[in-house]
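A.B. asks: Dropping in run_22.cif, with mmCIF, C-alpha atoms and all ligand atoms.
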data_model
#
loop_
_atom_site.label_atom_id
_atom_site.label_comp_id
_atom_site.auth_asym_id
_atom_site.auth_seq_id
_atom_site.Cartn_x
_atom_site.Cartn_y
_atom_site.Cartn_z
CA MET A 1 -11.43 85.39 -33.95
CA ASN A 2 -13.25 83.71 -31.06
CA LYS A 3 -16.42 85.42 -29.84
CA LEU A 4 -18.60 84.93 -26.82
CA ILE A 5 -22.24 84.95 -28.02
CA GLY A 6 -24.86 84.41 -25.33
CA VAL A 7 -23.77 81.34 -23.45
CA ARG A 8 -21.91 79.60 -26.26
CA TYR A 9 -18.25 79.90 -27.10
CA PHE A 10 -17.56 79.73 -30.82
CA SER A 11 -14.29 78.96 -32.50
CA ASN A 12 -13.31 77.33 -35.74
CA SER A 13 -12.60 74.04 -34.03
CA MET A 14 -15.05 73.43 -31.23
CA VAL A 15 -18.31 74.79 -29.82
CA LEU A 16 -18.58 74.66 -26.05
CA ASN A 17 -21.90 75.30 -24.32
CA ALA A 18 -21.77 77.08 -20.98
CA ILE A 19 -21.20 74.55 -18.23
CA LYS A 20 -24.46 73.37 -16.65
CA SER A 21 -23.69 69.90 -15.36
CA VAL A 22 -20.71 68.79 -13.34
CA THR A 23 -19.14 65.63 -11.99
CA VAL A 24 -16.67 65.72 -9.14
CA VAL A 25 -14.43 62.67 -8.84
CA GLY A 26 -13.29 62.29 -5.23
CA GLY A 27 -15.87 63.05 -2.54
CA GLY A 28 -13.47 63.94 0.29
CA LEU A 29 -12.83 67.33 1.88
CA MET A 30 -12.61 69.23 -1.39
CA GLY A 31 -14.94 67.17 -3.54
CA ASN A 32 -17.94 67.63 -1.29
CA GLY A 33 -17.37 71.39 -1.09
CA ILE A 34 -17.09 71.70 -4.87
CA ALA A 35 -20.27 69.66 -5.31
CA GLN A 36 -22.06 71.86 -2.76
CA VAL A 37 -21.25 75.16 -4.48
CA ALA A 38 -22.21 73.78 -7.89
CA ALA A 39 -25.54 72.48 -6.55
CA GLN A 40 -26.18 75.83 -4.83
CA ALA A 41 -25.66 77.52 -8.21
CA GLY A 42 -28.45 75.38 -9.72
CA GLN A 43 -26.27 72.81 -11.46
CA ASN A 44 -26.72 69.07 -11.53
CA VAL A 45 -23.78 67.38 -9.81
CA THR A 46 -22.58 63.82 -9.55
CA ILE A 47 -20.00 62.90 -6.92
CA VAL A 48 -17.94 59.82 -7.70
CA ASP A 49 -15.82 58.14 -5.03
CA LEU A 50 -14.46 54.61 -4.79
CA ASN A 51 -15.50 54.49 -1.16
CA PRO A 52 -19.29 54.34 -0.49
CA ASP A 53 -18.75 55.41 3.13
CA ILE A 54 -17.11 58.61 1.90
CA LEU A 55 -20.09 59.23 -0.38
CA ALA A 56 -22.48 58.89 2.56
CA LYS A 57 -20.30 61.20 4.68
CA SER A 58 -20.03 63.66 1.81
CA THR A 59 -23.79 63.88 1.31
CA LYS A 60 -24.34 64.37 5.04
CA SER A 61 -21.70 67.09 5.14
CA ILE A 62 -23.31 68.88 2.17
CA GLU A 63 -26.72 68.70 3.84
CA ASN A 64 -25.38 70.14 7.10
CA ASN A 65 -23.55 72.94 5.32
CA LEU A 66 -26.57 73.77 3.14
CA LYS A 67 -28.61 74.09 6.34
CA ARG A 68 -26.08 76.65 7.62
CA VAL A 69 -26.39 78.61 4.39
CA ALA A 70 -30.21 78.35 4.43
CA LYS A 71 -30.41 79.54 8.03
CA LYS A 72 -28.38 82.62 7.18
CA THR A 73 -30.06 83.35 3.85
CA TYR A 74 -33.70 82.75 4.80
CA LYS A 75 -33.48 83.63 8.50
CA ASP A 76 -36.97 83.04 9.93
CA ASP A 77 -38.58 81.70 6.74
CA VAL A 78 -38.40 78.02 7.64
CA ALA A 79 -40.34 76.83 4.58
CA LYS A 80 -38.01 78.63 2.15
CA ALA A 81 -34.95 77.40 4.02
CA GLU A 82 -36.17 73.81 3.86
CA SER A 83 -37.03 73.95 0.18
CA PHE A 84 -33.60 75.48 -0.61
CA VAL A 85 -31.86 72.56 1.09
CA LYS A 86 -34.18 70.00 -0.52
CA ASP A 87 -33.80 71.48 -4.03
CA CYS A 88 -30.00 71.60 -3.76
CA LEU A 89 -29.79 68.04 -2.46
CA GLU A 90 -32.02 66.80 -5.28
CA ARG A 91 -29.43 68.07 -7.74
CA VAL A 92 -26.66 65.97 -6.13
CA LYS A 93 -26.23 62.32 -7.16
CA VAL A 94 -23.52 59.95 -6.00
CA SER A 95 -21.88 56.88 -7.47
CA THR A 96 -18.90 54.61 -6.92
CA LYS A 97 -18.51 54.21 -10.70
CA VAL A 98 -16.90 56.89 -12.81
CA GLU A 99 -18.92 55.68 -15.83
CA ASP A 100 -22.06 57.07 -14.13
CA GLY A 101 -20.63 60.57 -14.11
CA VAL A 102 -19.14 61.11 -17.55
CA ASN A 103 -22.13 62.56 -19.45
CA VAL A 104 -21.64 66.12 -18.21
CA ASP A 105 -20.14 69.42 -19.37
CA LEU A 106 -17.35 69.50 -16.78
CA ILE A 107 -15.55 66.82 -14.76
CA ILE A 108 -13.41 68.00 -11.85
CA GLU A 109 -10.92 65.59 -10.32
CA ALA A 110 -10.39 65.94 -6.55
CA ILE A 111 -8.77 62.61 -5.65
CA VAL A 112 -5.56 61.82 -3.81
CA GLU A 113 -2.53 64.05 -4.57
CA LYS A 114 -0.55 61.40 -6.50
CA LEU A 115 0.56 61.88 -10.08
CA ASP A 116 0.18 58.28 -11.31
CA VAL A 117 -3.30 57.87 -9.77
CA LYS A 118 -4.49 61.14 -11.28
CA GLN A 119 -2.99 60.27 -14.70
CA GLU A 120 -4.76 56.92 -14.73
CA LEU A 121 -8.08 58.59 -13.92
CA PHE A 122 -7.69 61.27 -16.61
CA ASN A 123 -6.75 58.72 -19.26
CA LYS A 124 -9.94 56.85 -18.40
CA LEU A 125 -12.10 59.99 -18.34
CA ASP A 126 -10.69 61.08 -21.71
CA LYS A 127 -11.83 57.81 -23.27
CA LEU A 128 -15.26 57.73 -21.62
CA ALA A 129 -16.47 61.34 -21.66
CA PRO A 130 -18.30 62.94 -24.61
CA GLU A 131 -16.24 65.14 -26.89
CA HIS A 132 -17.46 68.47 -25.50
CA THR A 133 -16.71 67.60 -21.84
CA ILE A 134 -14.04 69.73 -20.18
CA LEU A 135 -11.71 67.90 -17.80
CA ALA A 136 -10.15 69.75 -14.85
CA THR A 137 -7.93 68.91 -11.92
CA ASN A 138 -8.07 70.44 -8.44
CA THR A 139 -4.46 69.47 -7.74
CA SER A 140 -2.73 71.60 -5.11
CA SER A 141 0.76 71.37 -6.52
CA ILE A 142 1.30 68.80 -9.27
CA SER A 143 1.93 70.07 -12.79
CA ILE A 144 -1.35 70.01 -14.68
CA ASN A 145 0.56 69.38 -17.93
CA GLU A 146 2.03 66.23 -16.36
CA ILE A 147 -1.33 65.05 -15.05
CA GLY A 148 -2.91 65.49 -18.49
CA ALA A 149 0.07 64.22 -20.50
CA GLY A 150 -1.75 61.10 -21.71
CA ILE A 151 -5.07 62.64 -22.77
CA ASN A 152 -6.09 63.57 -26.28
CA ARG A 153 -8.34 66.53 -25.44
CA LYS A 154 -5.54 68.77 -24.14
CA ASP A 155 -7.43 71.80 -25.51
CA ARG A 156 -10.39 70.94 -23.25
CA TYR A 157 -8.38 70.48 -20.07
CA GLY A 158 -7.09 72.75 -17.29
CA GLY A 159 -6.74 73.32 -13.57
CA LEU A 160 -9.53 74.52 -11.27
CA HIS A 161 -7.89 74.97 -7.89
CA PHE A 162 -10.35 75.53 -5.04
CA PHE A 163 -9.63 76.46 -1.43
CA ASN A 164 -10.77 74.80 1.76
CA PRO A 165 -13.52 75.22 2.91
CA VAL A 166 -14.81 75.55 -0.64
CA PRO A 167 -18.22 77.07 0.21
CA VAL A 168 -16.51 79.86 2.18
CA MET A 169 -13.25 80.64 0.38
CA ARG A 170 -14.00 83.04 -2.45
CA LEU A 171 -11.02 82.32 -4.68
CA LEU A 172 -10.71 79.96 -7.63
CA GLU A 173 -7.35 79.62 -9.39
CA VAL A 174 -7.86 78.82 -13.06
CA ILE A 175 -4.69 77.14 -14.33
CA LYS A 176 -3.75 77.24 -17.98
CA GLY A 177 -1.98 74.20 -19.33
CA ASP A 178 0.17 74.47 -22.43
CA HIS A 179 -2.59 73.41 -24.83
CA ILE A 180 -5.78 74.84 -23.33
CA SER A 181 -8.01 76.54 -25.90
CA GLU A 182 -9.30 80.06 -25.38
CA GLU A 183 -12.86 78.63 -25.43
CA THR A 184 -12.10 76.22 -22.60
CA TYR A 185 -10.35 78.88 -20.56
CA GLN A 186 -13.30 81.28 -20.99
CA ALA A 187 -15.80 78.53 -20.15
CA MET A 188 -13.87 77.75 -16.95
CA MET A 189 -13.69 81.41 -15.94
CA GLU A 190 -17.42 81.88 -16.60
CA TRP A 191 -18.26 78.74 -14.66
CA GLY A 192 -16.15 79.94 -11.73
CA LYS A 193 -18.12 83.19 -11.69
CA SER A 194 -21.42 81.33 -11.98
CA ILE A 195 -20.70 79.48 -8.73
CA GLY A 196 -19.82 82.74 -6.98
CA LYS A 197 -16.01 82.59 -7.06
CA THR A 198 -13.53 85.30 -7.93
CA CYS A 199 -11.22 83.75 -10.49
CA ILE A 200 -7.57 84.45 -11.01
CA THR A 201 -5.41 82.94 -13.72
CA CYS A 202 -2.02 81.33 -13.29
CA LYS A 203 0.38 79.44 -15.53
CA ASP A 204 1.18 75.81 -14.75
CA THR A 205 3.82 76.62 -12.11
CA PRO A 206 4.56 74.70 -8.85
CA GLY A 207 1.88 75.51 -6.27
CA PHE A 208 0.33 78.13 -8.58
CA VAL A 209 -0.11 81.42 -6.65
CA VAL A 210 -1.50 80.59 -3.21
CA ASN A 211 0.41 77.40 -2.36
CA ARG A 212 3.69 78.80 -3.70
CA LEU A 213 3.38 81.55 -1.09
CA LEU A 214 1.56 79.70 1.69
CA GLY A 215 3.80 76.60 1.47
CA PRO A 216 7.04 78.10 2.87
CA TYR A 217 5.10 79.81 5.68
CA SER A 218 3.41 76.56 6.60
CA ALA A 219 6.66 74.54 6.47
CA GLU A 220 8.48 77.08 8.66
CA ALA A 221 5.66 76.95 11.22
CA LEU A 222 5.76 73.14 11.35
CA ARG A 223 9.55 73.21 11.86
CA MET A 224 9.21 75.88 14.53
CA TYR A 225 6.83 73.60 16.42
CA GLU A 226 9.04 70.56 15.79
CA ARG A 227 12.06 72.38 17.26
CA GLY A 228 10.01 73.34 20.31
CA ASP A 229 10.48 77.08 19.78
CA ALA A 230 6.91 77.63 20.96
CA SER A 231 3.83 75.55 21.66
CA ALA A 232 1.38 74.76 18.83
CA LYS A 233 -1.25 76.92 20.48
CA ASP A 234 1.13 79.87 20.85
CA ILE A 235 2.33 79.65 17.25
CA ASP A 236 -1.28 79.67 16.09
CA THR A 237 -2.30 82.45 18.46
CA ALA A 238 0.70 84.51 17.33
CA MET A 239 -0.26 84.40 13.67
CA LYS A 240 -3.95 85.01 14.36
CA LEU A 241 -3.49 87.96 16.69
CA GLY A 242 -0.17 89.26 15.40
CA ALA A 243 -0.68 88.88 11.68
CA GLY A 244 -4.45 88.78 11.27
CA PHE A 245 -4.74 85.26 9.83
CA PRO A 246 -8.16 83.65 10.41
CA MET A 247 -6.46 80.40 11.46
CA GLY A 248 -2.98 79.70 12.76
CA PRO A 249 -0.60 77.76 10.45
CA LEU A 250 -0.75 74.53 12.49
CA GLU A 251 -4.54 74.59 12.72
CA LEU A 252 -4.57 75.19 8.98
CA ALA A 253 -2.21 72.27 8.30
CA ASP A 254 -4.54 69.99 10.28
CA PHE A 255 -7.53 71.50 8.48
CA THR A 256 -6.21 70.94 4.95
CA GLY A 257 -4.75 67.53 5.87
CA LEU A 258 -1.20 66.50 6.79
CA ASP A 259 -1.27 63.81 4.08
CA ASN A 260 -1.83 66.58 1.54
CA LYS A 261 0.88 68.67 3.21
CA LYS A 262 3.41 65.85 2.86
CA ALA A 263 2.50 65.32 -0.80
CA ILE A 264 2.62 69.04 -1.58
CA LEU A 265 6.04 69.49 0.08
CA ALA A 266 7.47 66.61 -1.99
CA VAL A 267 6.20 68.05 -5.28
CA MET A 268 7.29 71.58 -4.43
CA LEU A 269 10.79 70.42 -3.47
CA SER A 270 11.24 68.41 -6.63
CA LYS A 271 9.98 71.21 -8.86
CA THR A 272 11.60 74.24 -7.22
CA GLY A 273 14.63 72.79 -5.38
CA ASN A 274 13.89 75.30 -2.60
CA PRO A 275 15.09 73.68 0.69
CA VAL A 276 12.18 75.25 2.55
CA PHE A 277 10.13 72.43 1.03
CA GLU A 278 12.37 69.66 2.47
CA PRO A 279 10.32 66.96 4.25
CA VAL A 280 9.28 67.82 7.79
CA ALA A 281 9.96 64.79 10.03
CA LEU A 282 7.02 65.61 12.29
CA VAL A 283 4.61 65.56 9.34
CA ASP A 284 6.07 62.28 8.04
CA ARG A 285 5.68 60.68 11.45
CA LEU A 286 2.10 61.83 11.97
CA VAL A 287 1.08 60.69 8.48
CA SER A 288 2.71 57.28 9.01
CA GLU A 289 0.62 56.95 12.17
CA GLY A 290 -2.59 57.78 10.24
CA LYS A 291 -2.84 61.17 11.97
CA TYR A 292 -3.90 63.30 9.01
CA GLY A 293 -5.45 66.17 10.95
CA ARG A 294 -9.11 67.02 11.40
CA LYS A 295 -10.40 64.50 8.92
CA SER A 296 -8.89 61.55 10.89
CA GLY A 297 -9.55 62.99 14.35
CA GLU A 298 -5.90 63.76 15.18
CA GLY A 299 -2.93 65.59 13.68
CA ILE A 300 -0.99 68.33 15.43
CA TYR A 301 -4.07 68.65 17.61
CA LYS A 302 -6.66 66.11 18.77
CA TYR A 303 -10.30 66.52 17.74
CA GLU A 304 -13.36 65.31 19.57
CA GLN A 305 -14.96 63.81 16.50
CA ASN A 306 -14.05 63.24 12.86
CA LYS A 307 -14.94 66.30 10.86
CA ASN A 308 -15.19 66.46 7.12
CA ASN A 309 -15.44 70.19 6.69
N1 LIG B 401 -20.37 75.67 4.06
C1 LIG B 401 -21.03 76.82 4.19
N2 LIG B 401 -20.71 77.79 5.08
C2 LIG B 401 -19.68 77.53 5.91
C3 LIG B 401 -18.93 76.35 5.84
C4 LIG B 401 -19.30 75.41 4.86
N3 LIG B 401 -18.60 74.29 4.71
N4 LIG B 401 -17.94 76.42 6.78
C5 LIG B 401 -18.08 77.59 7.42
N5 LIG B 401 -19.13 78.26 6.88
C6 LIG B 401 -19.56 79.60 7.21
C7 LIG B 401 -20.21 79.70 8.58
O1 LIG B 401 -21.59 79.47 8.52
C8 LIG B 401 -19.88 81.13 9.00
O2 LIG B 401 -20.75 82.02 8.35
P1 LIG B 401 -21.19 83.42 9.05
O3 LIG B 401 -19.91 84.09 9.51
O4 LIG B 401 -21.86 84.19 7.96
O5 LIG B 401 -22.06 83.01 10.17
C9 LIG B 401 -18.51 81.38 8.38
O6 LIG B 401 -18.38 80.42 7.31
C10 LIG B 401 -17.41 81.20 9.38
O7 LIG B 401 -17.51 79.88 9.92
P2 LIG B 401 -17.34 79.53 11.48
O8 LIG B 401 -17.98 80.59 12.32
O9 LIG B 401 -17.78 78.12 11.66
O10 LIG B 401 -15.80 79.49 11.73
P3 LIG B 401 -14.70 80.59 11.65
O11 LIG B 401 -15.19 81.98 11.79
O12 LIG B 401 -13.69 80.10 12.63
O13 LIG B 401 -14.14 80.43 10.16
C11 LIG B 401 -12.89 79.44 8.43
C12 LIG B 401 -13.76 79.20 9.65
C13 LIG B 401 -13.72 80.08 7.30
C14 LIG B 401 -12.42 78.06 7.99
C15 LIG B 401 -11.71 80.41 8.79
O14 LIG B 401 -11.05 79.93 9.93
C16 LIG B 401 -10.69 80.55 7.68
O15 LIG B 401 -10.87 81.30 6.74
N6 LIG B 401 -9.56 79.80 7.79
C17 LIG B 401 -8.49 79.82 6.81
C18 LIG B 401 -8.82 78.87 5.69
C19 LIG B 401 -7.76 78.89 4.63
O16 LIG B 401 -6.73 79.54 4.69
N7 LIG B 401 -8.04 78.08 3.56
C20 LIG B 401 -7.11 77.91 2.46
C21 LIG B 401 -6.21 76.74 2.75
S1 LIG B 401 -5.08 76.44 1.44
C22 LIG B 401 -5.97 75.53 0.34
O17 LIG B 401 -7.11 75.20 0.54
C23 LIG B 401 -5.26 75.15 -0.90
C24 LIG B 401 -4.56 73.86 -0.94
O18 LIG B 401 -4.29 73.41 -2.06
C25 LIG B 401 -4.16 73.13 0.29
P1 LIG B 402 -9.39 63.61 0.61
O1 LIG B 402 -8.42 62.57 1.04
O2 LIG B 402 -10.26 64.26 1.61
O3 LIG B 402 -10.35 62.99 -0.53
C1 LIG B 402 -9.88 62.27 -1.64
C2 LIG B 402 -10.97 61.29 -2.03
O4 LIG B 402 -10.65 60.70 -3.31
C3 LIG B 402 -11.12 60.11 -1.05
O5 LIG B 402 -12.46 60.11 -0.57
C4 LIG B 402 -10.82 58.87 -1.88
O6 LIG B 402 -11.66 57.78 -1.55
C5 LIG B 402 -11.11 59.35 -3.28
N1 LIG B 402 -10.40 58.66 -4.35
C6 LIG B 402 -9.09 58.31 -4.38
N2 LIG B 402 -8.80 57.74 -5.58
C7 LIG B 402 -9.96 57.75 -6.30
C8 LIG B 402 -10.32 57.34 -7.62
N3 LIG B 402 -9.41 56.80 -8.45
N4 LIG B 402 -11.60 57.52 -8.04
C9 LIG B 402 -12.53 58.06 -7.22
N5 LIG B 402 -12.25 58.49 -5.96
C10 LIG B 402 -10.98 58.33 -5.52
O7 LIG B 402 -8.55 64.68 -0.20
P2 LIG B 402 -8.82 66.25 -0.40
O8 LIG B 402 -8.24 67.00 0.73
O9 LIG B 402 -10.26 66.46 -0.77
O10 LIG B 402 -7.90 66.55 -1.66
C11 LIG B 402 -8.26 66.15 -2.96
C12 LIG B 402 -7.43 66.90 -3.98
O11 LIG B 402 -7.64 68.30 -3.83
C13 LIG B 402 -5.91 66.67 -3.84
O12 LIG B 402 -5.33 66.71 -5.12
C14 LIG B 402 -5.48 67.88 -3.01
O13 LIG B 402 -4.13 68.21 -3.20
C15 LIG B 402 -6.40 68.95 -3.59
N6 LIG B 402 -6.67 70.09 -2.68
C16 LIG B 402 -6.79 69.87 -1.33
C17 LIG B 402 -7.06 70.95 -0.51
C18 LIG B 402 -7.23 70.78 0.98
O14 LIG B 402 -7.26 71.78 1.70
N7 LIG B 402 -7.38 69.58 1.49
C19 LIG B 402 -7.21 72.25 -1.05
C20 LIG B 402 -7.11 72.41 -2.43
C21 LIG B 402 -6.82 71.32 -3.25
#
How does this structure look as structure tokens?

C.D. replies:
Amino acid sequence: MNKLIGVRYFSNSMVLNAIKSVTVVGGGLMGNGIAQVAAQAGQNVTIVDLNPDILAKSTKSIENNLKRVAKKTYKDDVAKAESFVKDCLERVKVSTKVEDGVNVDLIIEAIVEKLDVKQELFNKLDKLAPEHTILATNTSSISINEIGAGINRKDRYGGLHFFNPVPVMRLLEVIKGDHISEETYQAMMEWGKSIGKTCITCKDTPGFVVNRLLGPYSAEALRMYERGDASAKDIDTAMKLGAGFPMGPLELADFTGLDNKKAILAVMLSKTGNPVFEPVALVDRLVSEGKYGRKSGEGIYKYEQNKNN
């Protein structure tokens, strides 16, 4: 029988220490949020991204968001607020090389939503990372079993699906692949709690819980706007004031990224066959024009400046 003793998970096969150090591969919208919450929880974090400009933007975004947290937490105690931000930032390192980030307890992938690109990364991480390292994907919709099909450590692999903005959204979906060990699953759940998230568990099903339910709603809203049934602003206002959502569906699509939306719709359609996930021409057009939403400065709406959170 497997037992949790202190912070170590024992089984006949493998001993996993509690997760204390993390690497996030992909320093975009999600990656920088994941790095922020891990650093806030006292963990050492490395962010890896191919693009050095993204790494600079990511670090700046983390600093700004930590300042917001510090201002709220320490109110008028300026010294404490400053040292909180400084200490957190000292725990965050960045690199353009994945090799610099492999000697950790947990590696979370948050790169582009494309199966072949993710598979290539995981195959590389599996070869480079120490034996005890747990590998996880933050995919929104792709099957985690498919992403991890080529790795050997299938028992030390799973899904950790965060929500945008990561520092604010309290949920973490922990996704069980077919071969995940109980030790890995428990370590992931404990780690989720340690960074302040409420964890739920889901099987490896298309869109897991949240995106399976949010996806059809979002697609219907985009089509409603495309047909001209109502203006973007009115659709968003309707769902905020009439249904109590914090953001309207079109604002949310811009916020999470229309490139992600397009990728998620394609996966969901192929896996479920549900016509609600058919491509939305408006989304395809905007993505082909480089209008990804808030992160590129324009999507359904126009934004005054590029925002990365
Ligand atoms: N870091 C730290 N704190 C942050 C932050 C960040 N990045 N962003 C916002 N905050 C804090 C603010 O400081 C503020 O805190 P207080 O209320 O304590 O002062 C609070 O969060 C609210 O922020 P704002 O006042 O700036 O803005 P808001 O009230 O309009 O809320 C929002 C912004 C939290 C994003 C809210 O609109 C919201 O919840 N929107 C819906 C988001 C959502 O549905 N996300 C899930 C998308 S689906 C997904 O992510 C999965 C997928 O696979 C695509
Ligand atoms: P993003 O486009 O903001 O960031 C992706 C980053 O990955 C980019 O900075 C890119 O340079 C980098 N990258 C691409 N290939 C790489 C590689 N091989 N090695 C290192 N870096 C690489 O994307 P995002 O919105 O942060 O989404 C990332 C992942 O998280 C996707 O799988 C997405 O489906 C998922 N996700 C997104 C959201 C959301 O709201 N945007 C929510 C939950 C999950």

A.B. asks: Using all atoms listed in the file, which residue out of A:Lys118, A:Lys295, A:Lys262, A:His161 lies closest to ligand LIG 401 (chain B)?

C.D. replies: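 Looking at the shortest contact to ligand LIG 401 (chain B), the residue is A:His161.
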
A.B. asks: List all protein, DNA and RNA residues that have any atom at most 6 Å from ligand LIG 401 (chain B), counting only C-alpha atoms and all ligand atoms, and write the list as an mmCIF file with C-alpha atoms, keeping the file's coordinate frame.

C.D. replies:
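Output below, filename result28.cif:
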data_model
loop_
_atom_site.group_PDB
_atom_site.id
_atom_site.type_symbol
_atom_site.label_atom_id
_atom_site.label_comp_id
_atom_site.auth_asym_id
_atom_site.auth_seq_id
_atom_site.Cartn_x
_atom_site.Cartn_y
_atom_site.Cartn_z
ATOM 1 C CA ASN A 65 -23.550 72.940 5.320
ATOM 2 C CA ARG A 68 -26.080 76.650 7.620
ATOM 3 C CA VAL A 69 -26.390 78.610 4.390
ATOM 4 C CA SER A 140 -2.730 71.600 -5.110
ATOM 5 C CA PHE A 163 -9.630 76.460 -1.430
ATOM 6 C CA ASN A 164 -10.770 74.800 1.760
ATOM 7 C CA PRO A 165 -13.520 75.220 2.910
ATOM 8 C CA PRO A 167 -18.220 77.070 0.210
ATOM 9 C CA VAL A 168 -16.510 79.860 2.180
ATOM 10 C CA PRO A 246 -8.160 83.650 10.410
ATOM 11 C CA MET A 247 -6.460 80.400 11.460
ATOM 12 C CA THR A 256 -6.210 70.940 4.950
ATOM 13 C CA ASN A 309 -15.440 70.190 6.690
#

A.B. asks: So which residues touch region 99-106 of chain A within 10 Å, counting only C-alpha atoms, skipping near sequence neighbours fewer than 4 positions away, as a ChimeraX atom specification?

C.D. replies: /A:16-25,44-48,93-95,124-136,156-157,187-188,191

A.B. asks: List all protein, DNA and RNA residues that have an atom no more than 8 Å from any atom of ligand LIG 402 (chain B), counting all atoms listed in the file, and report them as a ChimeraX atom specification.

C.D. replies: /A:25-32,48-51,54-55,96-98,109-114,117-118,120-121,137-141,161-165,255-257,259-260,263-264,295,308

A.B. asks: With a distance cut-off of 9 Å and only C-alpha atoms, select the neighbouring residues of region 218-231 of chain A, excluding the residue or stretch itself and same-chain residues fewer than 5 positions from it, and output the selection as a tab-separated table (two decimals) with C-alpha atoms, in the frame of the given file.

C.D. replies:
chain	number	residue	atom	x	y	z
A	236	ASP	CA	-1.28	79.67	16.09
A	249	PRO	CA	-0.60	77.76	10.45
A	250	LEU	CA	-0.75	74.53	12.49
A	252	LEU	CA	-4.57	75.19	8.98
A	253	ALA	CA	-2.21	72.27	8.30
A	261	LYS	CA	0.88	68.67	3.21
A	265	LEU	CA	6.04	69.49	0.08
A	276	VAL	CA	12.18	75.25	2.55
A	277	PHE	CA	10.13	72.43	1.03
A	278	GLU	CA	12.37	69.66	2.47
A	279	PRO	CA	10.32	66.96	4.25
A	280	VAL	CA	9.28	67.82	7.79
A	281	ALA	CA	9.96	64.79	10.03
A	282	LEU	CA	7.02	65.61	12.29
A	283	VAL	CA	4.61	65.56	9.34

A.B. asks: Measure the distance from CA of Gly299 (chain A) to CA of Gly248 (chain A) in Å and round it to one decimal.

C.D. replies: 14.1 Å

A.B. asks: Using all atoms listed in the file, find the one residue out of A:Met189, A:Val166, A:Met268, A:Cys199 that sits nearest to Arg212 (chain A).

C.D. replies: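 Between A:Met189, A:Val166, A:Met268, A:Cys199, the residue approaching Arg212 (chain A) most closely is A:Met268.
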
A.B. asks: Figure out the distance between CA of Leu171 (chain A) and CA of Val209 (chain A), please, to one decimal in Å.

C.D. replies: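 These atoms are spaced 11.1 Å apart.
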
A.B. asks: What does the structure give for the distance between CA of Val287 (chain A) and CA of Gln36 (chain A), in Å to one decimal?

C.D. replies: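 For CA of Val287 (chain A) relative to CA of Gln36 (chain A), the distance reads 28.0 Å.
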